[in-house]
Every structure is written in structure tokens, then in C-alpha cells.
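K.L.:
structure.cif (mmCIF, C-alpha atoms) pasted underneath:
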data_structure
#
loop_
_atom_site.group_PDB
_atom_site.id
_atom_site.type_symbol
_atom_site.label_atom_id
_atom_site.label_comp_id
_atom_site.auth_asym_id
_atom_site.auth_seq_id
_atom_site.Cartn_x
_atom_site.Cartn_y
_atom_site.Cartn_z
ATOM 1 C CA MET A 1 -14.453 56.575 95.514
ATOM 2 C CA ASN A 2 -17.160 56.640 98.169
ATOM 3 C CA ILE A 3 -20.644 57.708 97.110
ATOM 4 C CA VAL A 4 -23.541 58.140 99.534
ATOM 5 C CA CYS A 5 -27.120 58.050 98.208
ATOM 6 C CA VAL A 6 -29.489 59.879 100.511
ATOM 7 C CA CYS A 7 -33.249 59.584 100.953
ATOM 8 C CA GLY A 8 -35.683 60.343 103.752
ATOM 9 C CA MET A 9 -35.974 56.853 105.166
ATOM 10 C CA GLY A 10 -32.857 55.045 103.915
ATOM 11 C CA ILE A 11 -34.688 51.886 102.808
ATOM 12 C CA GLY A 12 -36.538 52.633 99.562
ATOM 13 C CA THR A 13 -35.596 55.521 97.352
ATOM 14 C CA SER A 14 -31.927 55.636 98.304
ATOM 15 C CA VAL A 15 -31.627 51.874 97.803
ATOM 16 C CA LEU A 16 -33.026 52.178 94.275
ATOM 17 C CA LEU A 17 -30.671 55.070 93.605
ATOM 18 C CA LYS A 18 -27.743 53.057 94.991
ATOM 19 C CA MET A 19 -28.465 50.214 92.534
ATOM 20 C CA ASN A 20 -28.565 52.574 89.586
ATOM 21 C CA VAL A 21 -25.489 54.517 90.716
ATOM 22 C CA GLU A 22 -23.612 51.209 90.934
ATOM 23 C CA ASN A 23 -24.716 50.402 87.360
ATOM 24 C CA ALA A 24 -23.728 53.852 86.140
ATOM 25 C CA ALA A 25 -20.336 53.732 87.893
ATOM 26 C CA SER A 26 -19.493 50.304 86.547
ATOM 27 C CA SER A 27 -20.391 51.281 82.988
ATOM 28 C CA LEU A 28 -18.128 54.335 83.380
ATOM 29 C CA GLY A 29 -15.361 52.094 84.703
ATOM 30 C CA VAL A 30 -15.392 53.923 88.049
ATOM 31 C CA ASP A 31 -14.496 51.919 91.130
ATOM 32 C CA ALA A 32 -17.193 53.092 93.514
ATOM 33 C CA ASP A 33 -18.306 52.038 96.968
ATOM 34 C CA VAL A 34 -21.946 53.129 97.123
ATOM 35 C CA GLN A 35 -23.931 53.388 100.367
ATOM 36 C CA ALA A 36 -27.574 54.265 101.035
ATOM 37 C CA SER A 37 -28.315 56.562 103.928
ATOM 38 C CA ASP A 38 -31.327 58.254 105.484
ATOM 39 C CA ILE A 39 -31.383 62.005 105.768
ATOM 40 C CA GLY A 40 -30.925 61.893 109.554
ATOM 41 C CA SER A 41 -27.505 60.274 109.267
ATOM 42 C CA ALA A 42 -26.544 61.859 105.938
ATOM 43 C CA ARG A 43 -24.302 64.543 107.409
ATOM 44 C CA GLY A 44 -22.435 61.879 109.397
ATOM 45 C CA SER A 45 -22.107 59.492 106.451
ATOM 46 C CA ALA A 46 -20.937 62.375 104.298
ATOM 47 C CA GLN A 47 -17.739 62.717 106.336
ATOM 48 C CA SER A 48 -16.260 59.658 104.659
ATOM 49 C CA ALA A 49 -17.856 60.316 101.255
ATOM 50 C CA ASP A 50 -16.434 61.845 98.084
ATOM 51 C CA LEU A 51 -19.838 62.529 96.628
ATOM 52 C CA ILE A 52 -23.474 62.656 97.720
ATOM 53 C CA MET A 53 -26.297 61.841 95.320
ATOM 54 C CA THR A 54 -29.890 62.725 96.195
ATOM 55 C CA SER A 55 -33.047 64.538 95.109
ATOM 56 C CA ASN A 56 -33.481 68.283 94.901
ATOM 57 C CA GLU A 57 -35.734 68.434 98.000
ATOM 58 C CA LEU A 58 -33.333 66.474 100.173
ATOM 59 C CA ALA A 59 -30.293 68.382 98.927
ATOM 60 C CA GLU A 60 -31.897 71.502 100.393
ATOM 61 C CA GLU A 61 -32.574 69.663 103.642
ATOM 62 C CA ILE A 62 -28.944 68.482 103.914
ATOM 63 C CA GLY A 63 -27.860 72.101 103.599
ATOM 64 C CA ASP A 64 -24.269 73.329 103.514
ATOM 65 C CA ILE A 65 -21.759 70.537 103.455
ATOM 66 C CA SER A 66 -18.150 70.225 102.322
ATOM 67 C CA VAL A 67 -18.856 67.250 100.018
ATOM 68 C CA PRO A 68 -20.242 67.929 96.526
ATOM 69 C CA ILE A 69 -23.924 67.067 96.140
ATOM 70 C CA VAL A 70 -25.250 65.744 92.826
ATOM 71 C CA ILE A 71 -28.993 66.213 92.310
ATOM 72 C CA VAL A 72 -30.782 63.435 90.440
ATOM 73 C CA ASN A 73 -34.270 64.027 88.984
ATOM 74 C CA ASN A 74 -35.111 60.561 87.683
ATOM 75 C CA PHE A 75 -33.756 57.861 90.009
ATOM 76 C CA MET A 76 -34.591 55.186 87.423
ATOM 77 C CA ASP A 77 -32.676 56.797 84.571
ATOM 78 C CA VAL A 78 -29.184 55.279 84.484
ATOM 79 C CA ASN A 79 -28.235 57.626 81.625
ATOM 80 C CA GLU A 80 -29.029 60.726 83.669
ATOM 81 C CA ILE A 81 -27.073 59.307 86.617
ATOM 82 C CA LYS A 82 -24.156 58.436 84.330
ATOM 83 C CA GLU A 83 -24.011 61.935 82.826
ATOM 84 C CA LYS A 84 -24.167 63.598 86.233
ATOM 85 C CA LEU A 85 -21.600 61.241 87.735
ATOM 86 C CA GLN A 86 -19.255 61.878 84.827
ATOM 87 C CA ALA A 87 -19.679 65.647 85.186
ATOM 88 C CA ALA A 88 -19.002 65.432 88.928
ATOM 89 C CA LEU A 89 -15.851 63.378 88.343
ATOM 90 C CA ALA A 90 -14.577 65.874 85.795
ATOM 91 C CA SER A 91 -14.992 68.883 88.079
ATOM 92 C CA MET B 1 -31.838 35.861 104.420
ATOM 93 C CA THR B 2 -35.023 34.500 102.926
ATOM 94 C CA GLN B 3 -35.609 35.159 99.283
ATOM 95 C CA LEU B 4 -38.804 37.100 98.746
ATOM 96 C CA HIS B 5 -40.800 36.058 95.709
ATOM 97 C CA LEU B 6 -42.750 38.528 93.629
ATOM 98 C CA GLN B 7 -45.958 36.537 94.017
ATOM 99 C CA ASP B 8 -45.637 36.893 97.817
ATOM 100 C CA ALA B 9 -44.490 40.510 97.780
ATOM 101 C CA LEU B 10 -47.097 41.644 95.243
ATOM 102 C CA PRO B 11 -50.174 39.381 95.480
ATOM 103 C CA ASN B 12 -53.484 40.136 93.735
ATOM 104 C CA THR B 13 -54.817 41.885 96.859
ATOM 105 C CA SER B 14 -52.028 44.465 96.501
ATOM 106 C CA PHE B 15 -53.329 45.865 93.222
ATOM 107 C CA GLN B 16 -55.724 48.620 92.300
ATOM 108 C CA LEU B 17 -55.584 49.327 88.584
ATOM 109 C CA ASP B 18 -58.318 51.968 88.355
ATOM 110 C CA GLY B 19 -57.772 54.134 91.446
ATOM 111 C CA HIS B 20 -59.384 57.527 91.905
ATOM 112 C CA ALA B 21 -57.611 60.109 94.047
ATOM 113 C CA ASP B 22 -58.170 63.860 94.299
ATOM 114 C CA ASP B 23 -54.741 64.624 95.723
ATOM 115 C CA TRP B 24 -51.444 63.020 96.763
ATOM 116 C CA ARG B 25 -52.658 62.175 100.251
ATOM 117 C CA GLU B 26 -55.551 60.188 98.832
ATOM 118 C CA ALA B 27 -53.215 58.504 96.369
ATOM 119 C CA ILE B 28 -50.956 57.376 99.241
ATOM 120 C CA ARG B 29 -54.044 56.265 101.205
ATOM 121 C CA LEU B 30 -55.011 53.983 98.311
ATOM 122 C CA ALA B 31 -51.511 52.468 98.312
ATOM 123 C CA GLY B 32 -51.742 52.095 102.112
ATOM 124 C CA GLN B 33 -55.161 50.388 101.906
ATOM 125 C CA ARG B 34 -53.736 47.817 99.497
ATOM 126 C CA LEU B 35 -50.785 47.165 101.848
ATOM 127 C CA THR B 36 -53.365 46.610 104.593
ATOM 128 C CA SER B 37 -55.516 44.301 102.418
ATOM 129 C CA SER B 38 -52.470 42.151 101.734
ATOM 130 C CA GLY B 39 -51.594 41.958 105.428
ATOM 131 C CA PHE B 40 -48.290 43.820 105.013
ATOM 132 C CA ALA B 41 -49.073 46.737 107.301
ATOM 133 C CA THR B 42 -51.648 48.197 109.629
ATOM 134 C CA ILE B 43 -53.516 51.354 108.695
ATOM 135 C CA ALA B 44 -51.115 53.333 110.918
ATOM 136 C CA TYR B 45 -48.435 52.782 108.276
ATOM 137 C CA THR B 46 -50.485 54.853 105.813
ATOM 138 C CA ASP B 47 -50.210 57.823 108.156
ATOM 139 C CA GLU B 48 -46.472 57.209 108.474
ATOM 140 C CA MET B 49 -46.073 57.311 104.671
ATOM 141 C CA ILE B 50 -48.032 60.568 104.488
ATOM 142 C CA ALA B 51 -45.990 62.015 107.355
ATOM 143 C CA ALA B 52 -42.775 61.134 105.485
ATOM 144 C CA VAL B 53 -43.850 63.278 102.524
ATOM 145 C CA GLU B 54 -45.002 66.094 104.808
ATOM 146 C CA GLN B 55 -41.629 66.039 106.535
ATOM 147 C CA HIS B 56 -39.253 65.599 103.598
ATOM 148 C CA GLY B 57 -41.229 66.807 100.572
ATOM 149 C CA PRO B 58 -42.214 64.898 97.432
ATOM 150 C CA TYR B 59 -38.809 63.275 96.889
ATOM 151 C CA MET B 60 -40.542 59.863 96.663
ATOM 152 C CA VAL B 61 -41.647 60.827 93.169
ATOM 153 C CA ILE B 62 -38.531 59.122 91.859
ATOM 154 C CA ALA B 63 -39.278 59.114 88.131
ATOM 155 C CA PRO B 64 -41.780 60.794 85.794
ATOM 156 C CA GLY B 65 -45.280 59.745 86.902
ATOM 157 C CA LEU B 66 -44.032 57.337 89.576
ATOM 158 C CA ALA B 67 -44.128 57.623 93.370
ATOM 159 C CA LEU B 68 -42.556 55.036 95.680
ATOM 160 C CA ALA B 69 -44.635 55.597 98.813
ATOM 161 C CA HIS B 70 -42.983 54.220 101.926
ATOM 162 C CA SER B 71 -41.901 54.949 105.445
ATOM 163 C CA ARG B 72 -39.406 52.914 107.468
ATOM 164 C CA PRO B 73 -39.568 49.619 109.392
ATOM 165 C CA SER B 74 -41.936 50.165 112.344
ATOM 166 C CA PRO B 75 -44.471 48.299 114.502
ATOM 167 C CA ALA B 76 -47.057 49.190 111.814
ATOM 168 C CA VAL B 77 -45.235 46.938 109.325
ATOM 169 C CA LEU B 78 -46.356 43.306 109.632
ATOM 170 C CA LYS B 79 -44.559 41.720 106.661
ATOM 171 C CA THR B 80 -42.381 42.951 103.811
ATOM 172 C CA GLY B 81 -44.458 43.626 100.724
ATOM 173 C CA MET B 82 -45.682 46.119 98.202
ATOM 174 C CA SER B 83 -48.816 47.555 96.649
ATOM 175 C CA TRP B 84 -49.469 48.834 93.143
ATOM 176 C CA VAL B 85 -52.026 51.593 92.569
ATOM 177 C CA ARG B 86 -52.608 52.961 89.109
ATOM 178 C CA LEU B 87 -54.568 56.218 89.002
ATOM 179 C CA VAL B 88 -57.192 56.923 86.361
ATOM 180 C CA SER B 89 -56.424 60.643 86.684
ATOM 181 C CA PRO B 90 -52.861 61.548 87.683
ATOM 182 C CA VAL B 91 -52.328 63.755 90.762
ATOM 183 C CA GLU B 92 -49.730 66.401 91.620
ATOM 184 C CA PHE B 93 -47.280 65.649 94.431
ATOM 185 C CA GLY B 94 -45.543 69.004 94.079
ATOM 186 C CA HIS B 95 -42.412 67.578 92.451
ATOM 187 C CA ALA B 96 -40.644 70.025 90.156
ATOM 188 C CA GLN B 97 -39.830 67.534 87.363
ATOM 189 C CA ASN B 98 -41.727 64.295 87.785
ATOM 190 C CA ASP B 99 -45.357 65.373 88.334
ATOM 191 C CA PRO B 100 -48.101 64.339 87.738
ATOM 192 C CA VAL B 101 -48.111 60.870 89.288
ATOM 193 C CA SER B 102 -50.125 58.047 87.724
ATOM 194 C CA LEU B 103 -48.541 55.067 89.503
ATOM 195 C CA VAL B 104 -48.059 54.787 93.256
ATOM 196 C CA ILE B 105 -46.065 51.823 94.501
ATOM 197 C CA GLY B 106 -46.408 51.332 98.247
ATOM 198 C CA LEU B 107 -43.550 49.642 100.100
ATOM 199 C CA ALA B 108 -43.625 48.197 103.599
ATOM 200 C CA ALA B 109 -40.343 46.700 104.811
ATOM 201 C CA VAL B 110 -39.627 44.841 108.045
ATOM 202 C CA ASP B 111 -35.896 45.495 107.796
ATOM 203 C CA GLU B 112 -33.277 46.978 105.499
ATOM 204 C CA THR B 113 -32.575 43.902 103.383
ATOM 205 C CA GLU B 114 -35.547 41.604 102.744
ATOM 206 C CA HIS B 115 -37.122 43.821 100.062
ATOM 207 C CA ILE B 116 -33.902 44.533 98.142
ATOM 208 C CA ASP B 117 -34.257 41.806 95.490
ATOM 209 C CA VAL B 118 -37.831 42.743 94.669
ATOM 210 C CA LEU B 119 -36.879 46.413 94.568
ATOM 211 C CA ALA B 120 -34.071 45.590 92.131
ATOM 212 C CA MET B 121 -36.538 43.762 89.916
ATOM 213 C CA LEU B 122 -38.845 46.794 89.934
ATOM 214 C CA SER B 123 -35.962 49.088 89.157
ATOM 215 C CA ARG B 124 -34.930 47.113 86.089
ATOM 216 C CA SER B 125 -38.487 47.131 84.712
ATOM 217 C CA LEU B 126 -39.508 50.679 85.546
ATOM 218 C CA GLY B 127 -36.282 52.148 84.171
ATOM 219 C CA ASP B 128 -37.128 50.657 80.778
ATOM 220 C CA GLN B 129 -39.485 53.036 78.965
ATOM 221 C CA SER B 130 -41.170 50.469 76.739
ATOM 222 C CA LYS B 131 -41.743 48.195 79.713
ATOM 223 C CA ARG B 132 -43.109 51.104 81.717
ATOM 224 C CA ALA B 133 -45.632 51.767 78.929
ATOM 225 C CA ALA B 134 -46.630 48.086 78.905
ATOM 226 C CA LEU B 135 -47.065 48.185 82.701
ATOM 227 C CA ASP B 136 -49.288 51.267 82.371
ATOM 228 C CA ASN B 137 -51.528 49.395 79.940
ATOM 229 C CA ALA B 138 -51.522 45.973 81.615
ATOM 230 C CA GLN B 139 -54.976 44.599 82.400
ATOM 231 C CA SER B 140 -54.335 42.317 85.356
ATOM 232 C CA PRO B 141 -52.024 41.767 88.342
ATOM 233 C CA ALA B 142 -50.748 38.578 86.696
ATOM 234 C CA GLU B 143 -49.812 40.495 83.547
ATOM 235 C CA ILE B 144 -47.952 43.101 85.629
ATOM 236 C CA ARG B 145 -46.055 40.449 87.598
ATOM 237 C CA SER B 146 -45.157 38.725 84.365
ATOM 238 C CA LEU B 147 -43.824 41.990 82.878
ATOM 239 C CA LEU B 148 -41.778 42.591 86.036
ATOM 240 C CA THR B 149 -40.155 39.168 85.981
ATOM 241 C CA ASN B 150 -39.382 38.919 82.260
#
Produce C-alpha cells that represent the structure in this file.

P.N.:
Amino acid sequence: MNIVCVCGMGIGTSVLLKMNVENAASSLGVDADVQASDIGSARGSAQSADLIMTSNELAEEIGDISVPIVIVNNFMDVNEIKEKLQAALAS
Amino acid sequence: MTQLHLQDALPNTSFQLDGHADDWREAIRLAGQRLTSSGFATIAYTDEMIAAVEQHGPYMVIAPGLALAHSRPSPAVLKTGMSWVRLVSPVEFGHAQNDPVSLVIGLAAVDETEHIDVLAMLSRSLGDQSKRAALDNAQSPAEIRSLLTN
């Protein structure tokens, strides 16, 4: 599956999130292609994505979109990311 | 791609372990001053980091008590590197879950790849709660670098 991690600039926060999403996906046995994206290109990147992962603030900024958005509070917490990823896969 | 070493990305001049800030803007200014002292960015980059929060909100508060202050590659970035500012009194960034912030890590990046390895190293350490506590109590830049690499 394709997952896009979104942050404001596309070089810091989303890159950290991408690393931890990759860890979470591999420990769940999910074959995931994870990309980092800045908010400006998020709507474009989302077209080829199955899932978007980002913060609460940026989820509001992305607005209405056809791809499910998963909100992560602690970008460093692989357990939180794992739980939310699992819930998103189940729905 | 050149491998960036922690000693180069986070030299002694990048640290302030007893910072005082009244609000989030001042906290980011401290992180920006340390990036400037280390020769990673000009002072204009500080304004770019503040503008990023004004534009997109406090999403850079990525974990409880931790802000990763940064903007994007720009003429104000001279070299890839980071700063580490620990606040004596935590400040509010306006984040719903992760306030207040006691550690601001400033990041200046010349491109989208050079800082990735160092960022991965930070991520492994800061995601570990016992290591995070040790980092909060560390007494010197050398001790912090050693905690980050081990």
C-alpha cells in the first residue's frame, strides 16, 4: 500500500514520521511504500496514496480529500503509529 | 552523498542547555541563534522557522515536550546542521497534546537528503522514554551526543 506522510515543509517532521511509519508497517507485516510530502503538494501526492498520515493541524489544512487521513499525535511513538495504522487497515 | 557525522551536525556551539524563553517565538529564536553560532544558517532562517509555525500551526511539536523547529532549504541555510536548546521553564506552542515544550531542536537542511541519517539517529533516541529522560538531565553537549549515538 502507498502511505504519504505530510508536514509543512516536507524535510523534517514528515521524514521522521516516514521512518517511524516504515518501522510500524514492517512490524505489522504490512508491505508499505511510504513517502514524505510537504503540505503544498499533499493533495497531489494523495492521488496515488491509500492513506495519509499527518498531524491534527495539517489534517485540517489538507481539508476534504477522498483518501483516509490518520492523525498522529506523537510522531516518535511507534506504538501509537502501529495502533492507528492497524485500525486504518481494518476499516 | 556525504555521510554527515553527529559531531559536525551538532557541535558544542549548537547547544544551549539552560535557555530562557517567555514564549514559543523566543524559544525558536534561541534555536535559530545556535544554528547561526554554528554557521549552519543566517539569522534570516530564524524568521523562516517562525513563519512556518505561523503559517501551519504548532505541528512541529512532534512529541510530548519536543519541538523540531525548521523551515526548508533556502538561501538562509549555509550548511546542514542542528541546534539543541533545552528550556529551564517549558513554553506553550499551542499544541493540543504535546505542550508544554522543554526541548527545541533546530534543523537547517541544504537539501532533502543530507540530514536524513542524523534525523534517524535522533528519532531512535528520542522515541525511547528512558533515553529521553537521560537527555533531559545530561550535563554537557558531549554527554548528549554520546547518548544519541549509543

K.L.:
Go through A:Met76, A:Ala36, A:Val4, A:Ala49 one by one, measure the shortest atom-to-atom distance of each to chain B using all atoms listed in the file, and give the residue with the smallest value.

P.N.:
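Residue with the minimum atom-to-atom distance to chain B: A:Met76.
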
K.L.:
One decimal, in Å: what's the spacing between CA of Val61 (chain B) and CA of Val15 (chain A)?

P.N.:
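Between these atoms lies a distance of 14.2 Å.
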
K.L.:
Write out as a tab-separated table a residue-level contact list of chain A versus chain B with cut-off 10 Å: for each qualifying residue the closest pair of atoms and the distance in Å to one decimal, counting only C-alpha atoms, rows sorted by chain and residue number upward.

P.N.:
residue	atom	partner	partner_atom	distance
A:Cys7	CA	B:Tyr59	CA	7.8
A:Gly8	CA	B:His56	CA	6.4
A:Met9	CA	B:Arg72	CA	5.7
A:Gly10	CA	B:Arg72	CA	7.7
A:Ile11	CA	B:Glu112	CA	5.8
A:Gly12	CA	B:His70	CA	7.0
A:Thr13	CA	B:Met60	CA	6.6
A:Ser14	CA	B:Met60	CA	9.7
A:Val15	CA	B:Ile116	CA	7.7
A:Leu16	CA	B:Ser123	CA	6.7
A:Leu17	CA	B:Ile62	CA	9.0
A:Met19	CA	B:Ala120	CA	7.3
A:Asn20	CA	B:Ser123	CA	8.2
A:Asp38	CA	B:Arg72	CA	9.9
A:Ile39	CA	B:His56	CA	8.9
A:Thr54	CA	B:Tyr59	CA	9.0
A:Ser55	CA	B:Tyr59	CA	6.2
A:Asn56	CA	B:Tyr59	CA	7.6
A:Glu57	CA	B:Tyr59	CA	6.1
A:Leu58	CA	B:His56	CA	6.9
A:Glu60	CA	B:His56	CA	10.0
A:Glu61	CA	B:His56	CA	7.8
A:Val72	CA	B:Ile62	CA	9.0
A:Asn73	CA	B:Gln97	CA	6.8
A:Asn74	CA	B:Ala63	CA	4.4
A:Phe75	CA	B:Ile62	CA	5.3
A:Met76	CA	B:Gly127	CA	4.8
A:Asp77	CA	B:Gly127	CA	5.9
A:Val78	CA	B:Gly127	CA	7.8

K.L.:
Can you give me, as a list in words, the residues this file yields under the PyMOL selection byres ((chain B and resi 25) around 10)?

P.N.:
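This file, filtered by the PyMOL selection byres ((chain B and resi 25) around 10), leaves Ala21, Asp22, Asp23, Trp24, Glu26, Ala27, Ile28, Arg29, Leu30, Ala31, Thr46, Asp47, Met49, Ile50, Ala51, Val53, Glu54, Val91 and Phe93 of chain B.
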
K.L.:
Please determine, counting only C-alpha atoms, which residue among B:Gly81, B:Gly65, B:Pro75, B:Pro100 has the shortest atom-to-atom distance to Asn12 (chain B).

P.N.:
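Comparing B:Gly81, B:Gly65, B:Pro75, B:Pro100 against Asn12 (chain B), the winner is B:Gly81.
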
K.L.:
Counting all atoms listed in the file, which residue out of B:Arg34, B:Lys131, B:Lys79, B:Arg145 sits closest to Gln16 (chain B)?

P.N.:
B:Arg34

K.L.:
Could you check how far CA of Leu4 (chain B) sits from CA of Leu148 (chain B), in Å to one decimal?

P.N.:
14.2 Å

K.L.:
Rounded to one decimal in Å, what is the spacing between CA of Lys82 (chain A) and CA of Glu92 (chain B)?

P.N.:
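These two atoms are separated by 27.8 Å.
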
K.L.:
Counting all atoms listed in the file, which residue out of B:Ser89, B:Gln33, B:Asn150, B:Ser83 sits closest to Gly106 (chain B)?

P.N.:
B:Ser83
